[in-house]
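Report on the following structure.
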Amino acid sequence: MQLADLVSALEQIAPTRNAEAWDNVGLLVGDPRQDVSKVLLTIDYTAAVAAEGRALSCDAVIAYHPPIFQAIKKVIAGSVVFDAVRRGVAIYSPHTALDVAEGGTNDVLCEVLGLEERLPLKLAETKASQCKLVTFIPQKELEDVSQALFDAGAGRIGKYSSCSFRSTGTGTFFGEEGTNPAVGVAGRMEESAEVRVDTVVPLDRVGDVVRALRKSHPYEEPAFDLMQLAAPPEGLGMGRVGTFRQPVERAELLARLKRGLGIEHLLVAGPVEGTVSRAAVCAGACGDLLNDAIAQKAEFYVTGEMRHHDALKAAAAGMTVVCTLHSNSERVTLTRLKHRLESALPGLEFHLSAADADPFAVR
């Protein structure tokens, strides 16, 4: 199976267009055309995880945290990225794309708590991912040019392909000196019966589609328009807030977190007794969403880590804050991701890293 198949499956589960603007997600190392057979899933791609992947003969790694985050100027021996490139190991990072996605990191945390009727804690700004292509094709070449556009990536709407709208009309042109028009002759005003074709194009396929248009169109200079489309709201966002079917004791929620995340200790600020009807979660470092959690009237907030003064603020507002340590709030999602990928790609072998662990431990 090719790496492109794995990338496509991951893109279906957690579209990278929904990641935070500051993030670095998607395929970070590798050739989409390379063959892959074994995939290792981890939160952090450390030297220990790289050695584990080498022992398992994994040729692809899904590292939740991107090992390439900010721009780098050197890739030299001694780094895990250099080692991956040298050995031909592909690396893909979903990070905040998986946090936002339905069934992703934050939904898994909600399931650990037992939260229902959940909504994003903070709605994401939806980014445009498509543009509209309008071009004009003579009737005789309509099917050939349209097919070339579709083959290059145009015309896909959801699970439908080869989508377009067609309307007939008349095109006019005057070929100046040095032209060789496919219809009529240079130096004379011409009219041609044409079909207007409207279709959609993913932004990352615009170059391929325009090249296909120019190559397949009979005119020397085919006319076309490209218009970026506004993205419709998807109702996605960071974190989750929801309710419990019945009020739950805070002590019970702490126990659920320990069981569900497979950890023995939690950092807790604020009230530790009494029941909770409404709670919020945000995997990782989500102190910056504390005000959203307070505004949403959450009584209990689960995250990976939070600054001292934010914890004081939450406690003063009567909210219980639970910090699991950063990656402990994220690691449980790898099991769910593994199951989804195994279902989508039965030809691949997936492994959860045993060497991956949060760098901090409570002694």
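Lettering and numbering for the structure tokens are positional, with chains as A, B, ... in the shown order, residues counted from 1 in each chain, and ligands counted from 1 in the shown order.
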Within 6 Å of region 286-301 of chain A using only C-alpha atoms, minus same-chain residues under 3 positions, as a PDB file with C-alpha atoms, in the first residue's frame:
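Once everything was written out, this is part23.pdb:
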```pdb
ATOM      1  CA  ARG A 278     -21.829  20.559  33.216  1.00  0.00           C
ATOM      2  CA  ALA A 279     -18.170  20.062  32.294  1.00  0.00           C
ATOM      3  CA  ALA A 280     -15.623  21.031  29.664  1.00  0.00           C
ATOM      4  CA  VAL A 281     -12.515  19.382  28.250  1.00  0.00           C
ATOM      5  CA  CYS A 282      -9.596  20.494  26.100  1.00  0.00           C
ATOM      6  CA  MET A 306      -2.599  25.161  33.091  1.00  0.00           C
ATOM      7  CA  MET A 319     -14.743  25.672  38.977  1.00  0.00           C
ATOM      8  CA  THR A 320     -12.800  22.449  39.499  1.00  0.00           C
ATOM      9  CA  VAL A 321      -9.774  22.275  37.211  1.00  0.00           C
TER      10      VAL A 321
END
```
Next on the checklist: I want to know what sits within 10 Å of region 39-52 of chain A, based on only C-alpha atoms, with residues of the same chain fewer than 5 positions away left out; could you give that as number ranges by chain?
Outcome noted: A: 6, 57-67, 78-81, 83-84, 89-93, 95, 327-328, 330-335, 337-338, 348-359
Store the residues picked out above in a file with N, CA and C atoms, as a tab-separated table (two decimals), in the first residue's frame.
```tsv
chain	number	residue	atom	x	y	z
A	6	LEU	N	-2.54	6.09	3.20
A	6	LEU	CA	-2.58	6.40	4.62
A	6	LEU	C	-2.89	7.88	4.83
A	57	SER	N	10.19	-2.66	12.60
A	57	SER	CA	10.28	-2.51	11.14
A	57	SER	C	9.15	-1.63	10.59
A	58	CYS	N	8.78	-0.59	11.34
A	58	CYS	CA	7.75	0.34	10.88
A	58	CYS	C	8.35	1.30	9.85
A	59	ASP	N	7.63	1.51	8.77
A	59	ASP	CA	8.10	2.43	7.74
A	59	ASP	C	7.28	3.72	7.70
A	60	ALA	N	6.37	3.89	8.66
A	60	ALA	CA	5.61	5.13	8.78
A	60	ALA	C	5.27	5.36	10.24
A	61	VAL	N	5.24	6.62	10.63
A	61	VAL	CA	4.93	7.00	12.01
A	61	VAL	C	3.86	8.07	11.99
A	62	ILE	N	2.84	7.90	12.83
A	62	ILE	CA	1.86	8.96	13.07
A	62	ILE	C	2.22	9.56	14.41
A	63	ALA	N	2.82	10.74	14.40
A	63	ALA	CA	3.24	11.43	15.61
A	63	ALA	C	2.25	12.57	15.86
A	64	TYR	N	1.45	12.43	16.89
A	64	TYR	CA	0.43	13.45	17.18
A	64	TYR	C	1.05	14.84	17.27
A	65	HIS	N	2.11	15.00	18.06
A	65	HIS	CA	2.84	16.26	18.10
A	65	HIS	C	3.83	16.31	16.93
A	66	PRO	N	3.82	17.36	16.12
A	66	PRO	CA	4.73	17.42	14.97
A	66	PRO	C	6.19	17.53	15.41
A	67	PRO	N	7.04	16.60	15.02
A	67	PRO	CA	8.47	16.69	15.35
A	67	PRO	C	9.17	17.80	14.59
A	78	GLY	N	21.94	12.66	14.31
A	78	GLY	CA	21.67	12.81	15.73
A	78	GLY	C	20.24	13.22	16.02
A	79	SER	N	19.53	13.72	15.01
A	79	SER	CA	18.13	14.09	15.20
A	79	SER	C	17.22	12.96	14.69
A	80	VAL	N	16.03	12.86	15.29
A	80	VAL	CA	15.10	11.81	14.87
A	80	VAL	C	14.61	12.06	13.45
A	81	VAL	N	14.54	13.32	13.04
A	81	VAL	CA	14.11	13.63	11.67
A	81	VAL	C	15.15	13.17	10.66
A	83	ASP	N	17.27	10.77	11.06
A	83	ASP	CA	17.21	9.31	11.06
A	83	ASP	C	16.04	8.81	10.23
A	84	ALA	N	14.88	9.47	10.35
A	84	ALA	CA	13.70	9.05	9.59
A	84	ALA	C	13.92	9.22	8.10
A	89	VAL	N	11.61	6.52	6.55
A	89	VAL	CA	10.44	6.41	7.41
A	89	VAL	C	9.59	7.68	7.26
A	90	ALA	N	8.35	7.52	6.91
A	90	ALA	CA	7.45	8.65	6.75
A	90	ALA	C	6.92	9.10	8.11
A	91	ILE	N	6.68	10.40	8.26
A	91	ILE	CA	6.11	10.94	9.50
A	91	ILE	C	4.92	11.82	9.15
A	92	TYR	N	3.82	11.56	9.82
A	92	TYR	CA	2.59	12.35	9.62
A	92	TYR	C	2.12	12.84	10.99
A	93	SER	N	1.71	14.11	11.06
A	93	SER	CA	1.22	14.67	12.32
A	93	SER	C	-0.19	15.24	12.15
A	95	HIS	N	-2.17	16.42	15.03
A	95	HIS	CA	-2.22	17.43	16.09
A	95	HIS	C	-3.58	18.11	16.20
A	327	SER	N	0.61	15.37	27.80
A	327	SER	CA	0.31	14.30	26.83
A	327	SER	C	-0.61	13.22	27.39
A	328	ASN	N	-0.77	13.15	28.72
A	328	ASN	CA	-1.71	12.18	29.28
A	328	ASN	C	-3.14	12.48	28.87
A	330	GLU	N	-3.92	13.39	25.93
A	330	GLU	CA	-4.00	13.15	24.49
A	330	GLU	C	-3.81	11.69	24.10
A	331	ARG	N	-3.06	10.95	24.91
A	331	ARG	CA	-2.60	9.62	24.50
A	331	ARG	C	-3.75	8.64	24.25
A	332	VAL	N	-4.83	8.77	25.00
A	332	VAL	CA	-5.94	7.83	24.87
A	332	VAL	C	-6.57	7.87	23.47
A	333	THR	N	-6.42	9.00	22.78
A	333	THR	CA	-7.02	9.10	21.45
A	333	THR	C	-6.31	8.21	20.43
A	334	LEU	N	-5.06	7.82	20.72
A	334	LEU	CA	-4.33	6.98	19.77
A	334	LEU	C	-4.98	5.62	19.58
A	335	THR	N	-5.56	5.08	20.65
A	335	THR	CA	-6.24	3.79	20.53
A	335	THR	C	-7.43	3.89	19.59
A	337	LEU	N	-7.85	6.18	17.24
A	337	LEU	CA	-7.33	6.43	15.89
A	337	LEU	C	-6.84	5.14	15.26
A	338	LYS	N	-6.17	4.31	16.03
A	338	LYS	CA	-5.67	3.03	15.53
A	338	LYS	C	-6.83	2.18	15.02
A	348	LEU	N	-2.83	-2.54	6.15
A	348	LEU	CA	-1.70	-2.03	6.92
A	348	LEU	C	-1.71	-2.60	8.33
A	349	GLU	N	-0.52	-2.68	8.93
A	349	GLU	CA	-0.36	-3.16	10.30
A	349	GLU	C	-0.05	-1.96	11.19
A	350	PHE	N	-0.84	-1.76	12.24
A	350	PHE	CA	-0.68	-0.59	13.12
A	350	PHE	C	-0.24	-1.02	14.51
A	351	HIS	N	0.66	-0.23	15.10
A	351	HIS	CA	1.17	-0.50	16.45
A	351	HIS	C	1.08	0.76	17.30
A	352	LEU	N	0.64	0.62	18.55
A	352	LEU	CA	0.71	1.70	19.52
A	352	LEU	C	2.07	1.67	20.19
A	353	SER	N	2.71	2.81	20.28
A	353	SER	CA	4.04	2.85	20.89
A	353	SER	C	3.96	2.53	22.38
A	354	ALA	N	4.87	1.66	22.82
A	354	ALA	CA	4.99	1.36	24.24
A	354	ALA	C	6.05	2.25	24.89
A	355	ALA	N	6.90	2.88	24.08
A	355	ALA	CA	7.97	3.72	24.60
A	355	ALA	C	7.51	5.16	24.83
A	356	ASP	N	6.40	5.53	24.24
A	356	ASP	CA	5.88	6.89	24.35
A	356	ASP	C	5.31	7.14	25.74
A	357	ALA	N	5.68	8.23	26.37
A	357	ALA	CA	5.18	8.57	27.71
A	357	ALA	C	5.36	10.05	27.97
A	358	ASP	N	4.54	10.60	28.87
A	358	ASP	CA	4.71	12.00	29.24
A	358	ASP	C	6.08	12.18	29.89
A	359	PRO	N	6.77	13.28	29.61
A	359	PRO	CA	8.11	13.45	30.20
A	359	PRO	C	8.09	13.68	31.71
```
Item to check | Sel. of strand (DSSP E) residues, region 75-198 of chain A, as a ChimeraX atom specification | outcome: /A:90-93,116-123,130-138,165-174,189-198
Within 9 Å of Glu111 (chain A) using only C-alpha atoms, minus same-chain residues under 5 positions, as a short mmCIF file (atom, residue, chain, number, x, y, z; two decimals) with C-alpha atoms, in the first residue's frame:
```cif
data_model
loop_
_atom_site.label_atom_id
_atom_site.label_comp_id
_atom_site.auth_asym_id
_atom_site.auth_seq_id
_atom_site.Cartn_x
_atom_site.Cartn_y
_atom_site.Cartn_z
CA ASN A 106 -11.53 16.00 22.70
CA GLU A 116 -23.37 14.12 26.50
CA GLY A 260 -9.91 6.05 31.29
#
```
Next on the checklist: List as an NGL selection string the protein and nucleic acid residues near region 164-178 of chain A, meaning an atom at most 12 Å away when only C-alpha atoms are counted, but skip any in the same chain fewer than 3 places from it.
Outcome noted: :A and (132-139 or 142-143 or 146-147 or 149-150 or 154-157 or 160-161 or 181-201 or 219-223)
Export N, CA and C atoms of the chosen residues as a compact mmCIF listing (two decimals), in the first residue's frame?
```
# COMPACT_ATOMS: atom_id res chain seq x y z
N LYS A 132 -13.81 28.20 -7.30
CA LYS A 132 -14.71 27.87 -8.42
C LYS A 132 -14.00 28.19 -9.72
N LEU A 133 -14.01 27.24 -10.62
CA LEU A 133 -13.45 27.42 -11.95
C LEU A 133 -14.58 27.58 -12.96
N VAL A 134 -14.52 28.63 -13.75
CA VAL A 134 -15.47 28.83 -14.84
C VAL A 134 -14.67 28.90 -16.13
N THR A 135 -15.01 28.08 -17.10
CA THR A 135 -14.32 28.12 -18.39
C THR A 135 -15.34 27.90 -19.50
N PHE A 136 -14.89 28.08 -20.75
CA PHE A 136 -15.78 28.08 -21.90
C PHE A 136 -15.19 27.16 -22.97
N ILE A 137 -15.96 26.15 -23.37
CA ILE A 137 -15.43 25.06 -24.19
C ILE A 137 -16.33 24.87 -25.41
N PRO A 138 -15.75 24.72 -26.60
CA PRO A 138 -16.57 24.39 -27.78
C PRO A 138 -17.28 23.06 -27.56
N GLN A 139 -18.49 22.94 -28.09
CA GLN A 139 -19.31 21.75 -27.86
C GLN A 139 -18.58 20.47 -28.27
N LEU A 142 -16.18 19.39 -25.58
CA LEU A 142 -16.69 19.54 -24.21
C LEU A 142 -16.35 18.36 -23.32
N GLU A 143 -16.62 17.15 -23.77
CA GLU A 143 -16.42 15.98 -22.91
C GLU A 143 -14.95 15.71 -22.64
N SER A 146 -13.65 18.47 -20.21
CA SER A 146 -14.26 18.27 -18.88
C SER A 146 -13.62 17.10 -18.16
N GLN A 147 -13.41 15.99 -18.89
CA GLN A 147 -12.81 14.81 -18.27
C GLN A 147 -11.38 15.09 -17.82
N LEU A 149 -10.28 17.95 -16.76
CA LEU A 149 -10.40 18.73 -15.52
C LEU A 149 -10.72 17.82 -14.34
N PHE A 150 -11.66 16.90 -14.54
CA PHE A 150 -12.04 15.99 -13.46
C PHE A 150 -10.87 15.08 -13.06
N ALA A 154 -10.67 18.35 -10.28
CA ALA A 154 -11.83 19.25 -10.21
C ALA A 154 -13.13 18.44 -10.06
N GLY A 155 -14.17 19.13 -9.59
CA GLY A 155 -15.51 18.56 -9.64
C GLY A 155 -15.89 17.61 -8.53
N ARG A 156 -15.18 17.62 -7.41
CA ARG A 156 -15.56 16.73 -6.30
C ARG A 156 -16.31 17.51 -5.23
N ILE A 157 -17.51 17.04 -4.90
CA ILE A 157 -18.33 17.62 -3.83
C ILE A 157 -18.73 16.47 -2.90
N TYR A 160 -19.33 12.83 -4.16
CA TYR A 160 -19.69 12.88 -5.58
C TYR A 160 -18.52 13.44 -6.38
N SER A 161 -18.28 12.87 -7.54
CA SER A 161 -17.20 13.33 -8.41
C SER A 161 -17.76 13.74 -9.76
N PRO A 181 -5.89 31.19 -34.38
CA PRO A 181 -7.09 30.71 -33.69
C PRO A 181 -7.55 29.35 -34.22
N ALA A 182 -8.08 28.54 -33.29
CA ALA A 182 -8.60 27.22 -33.67
C ALA A 182 -9.92 27.34 -34.42
N VAL A 183 -10.62 28.46 -34.20
CA VAL A 183 -11.88 28.73 -34.89
C VAL A 183 -11.74 30.02 -35.66
N GLY A 184 -12.10 30.04 -36.96
CA GLY A 184 -12.01 31.25 -37.76
C GLY A 184 -10.57 31.58 -38.13
N VAL A 185 -10.34 32.88 -38.42
CA VAL A 185 -9.01 33.31 -38.86
C VAL A 185 -8.61 34.55 -38.09
N ALA A 186 -7.30 34.81 -38.06
CA ALA A 186 -6.79 36.01 -37.41
C ALA A 186 -7.19 37.24 -38.21
N GLY A 187 -7.34 38.36 -37.51
CA GLY A 187 -7.64 39.61 -38.17
C GLY A 187 -9.11 39.81 -38.47
N ARG A 188 -9.96 39.00 -37.87
CA ARG A 188 -11.40 39.14 -38.12
C ARG A 188 -12.19 38.81 -36.85
N MET A 189 -13.26 39.56 -36.61
CA MET A 189 -14.12 39.29 -35.46
C MET A 189 -14.82 37.96 -35.68
N GLU A 190 -14.74 37.09 -34.69
CA GLU A 190 -15.32 35.75 -34.81
C GLU A 190 -16.31 35.49 -33.68
N GLU A 191 -17.25 34.61 -33.95
CA GLU A 191 -18.18 34.11 -32.95
C GLU A 191 -18.10 32.59 -32.91
N SER A 192 -18.27 32.02 -31.72
CA SER A 192 -18.19 30.56 -31.60
C SER A 192 -19.20 30.09 -30.56
N ALA A 193 -19.95 29.06 -30.92
CA ALA A 193 -20.87 28.44 -29.95
C ALA A 193 -20.05 27.71 -28.90
N GLU A 194 -20.25 28.05 -27.64
CA GLU A 194 -19.45 27.47 -26.55
C GLU A 194 -20.36 27.06 -25.40
N VAL A 195 -19.82 26.19 -24.56
CA VAL A 195 -20.52 25.76 -23.35
C VAL A 195 -19.74 26.29 -22.14
N ARG A 196 -20.46 27.01 -21.30
CA ARG A 196 -19.84 27.47 -20.05
C ARG A 196 -19.88 26.32 -19.05
N VAL A 197 -18.72 26.01 -18.45
CA VAL A 197 -18.62 24.94 -17.47
C VAL A 197 -18.18 25.54 -16.14
N ASP A 198 -19.01 25.35 -15.10
CA ASP A 198 -18.67 25.76 -13.74
C ASP A 198 -18.36 24.50 -12.93
N THR A 199 -17.25 24.51 -12.20
CA THR A 199 -16.91 23.38 -11.35
C THR A 199 -16.08 23.86 -10.17
N VAL A 200 -15.91 23.01 -9.18
CA VAL A 200 -15.13 23.38 -8.00
C VAL A 200 -13.77 22.69 -8.05
N VAL A 201 -12.78 23.35 -7.43
CA VAL A 201 -11.41 22.84 -7.44
C VAL A 201 -10.81 23.03 -6.04
N TYR A 219 -8.28 25.87 -27.80
CA TYR A 219 -7.89 27.25 -28.06
C TYR A 219 -6.45 27.51 -27.64
N GLU A 220 -5.80 28.46 -28.33
CA GLU A 220 -4.46 28.88 -27.93
C GLU A 220 -4.46 29.47 -26.53
N GLU A 221 -5.47 30.29 -26.24
CA GLU A 221 -5.59 30.93 -24.93
C GLU A 221 -7.01 30.71 -24.40
N PRO A 222 -7.25 29.59 -23.70
CA PRO A 222 -8.60 29.36 -23.17
C PRO A 222 -8.93 30.39 -22.09
N ALA A 223 -10.16 30.89 -22.14
CA ALA A 223 -10.61 31.84 -21.12
C ALA A 223 -11.10 31.07 -19.90
```
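Taking CA of Asp5 (chain A) and CA of Ala344 (chain A) as endpoints, the distance between them is 9.7 Å.
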Checklist entry - Suppose you want the space between CA of Val322 (chain A) and CA of Val302 (chain A); what is it in Å? => result 4.8 Å
Item to check | Residue contacts of Pro247 (chain A) (9 Å, only C-alpha atoms) excluding same-chain residues fewer than 4 positions away, as a ChimeraX atom specification | outcome: /A:243,275-278
Once you have the residues from the selection above, write them out as a PDB file, in the first residue's frame, restricted to C-alpha atoms.
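The result, written out as out_24.pdb:
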```pdb
ATOM      1  CA  THR A 243     -23.719  17.891  30.276  1.00  0.00           C
ATOM      2  CA  THR A 275     -21.815  17.113  42.159  1.00  0.00           C
ATOM      3  CA  VAL A 276     -21.272  18.420  38.629  1.00  0.00           C
ATOM      4  CA  SER A 277     -23.888  18.816  35.888  1.00  0.00           C
ATOM      5  CA  ARG A 278     -21.829  20.559  33.216  1.00  0.00           C
TER       6      ARG A 278
END
```
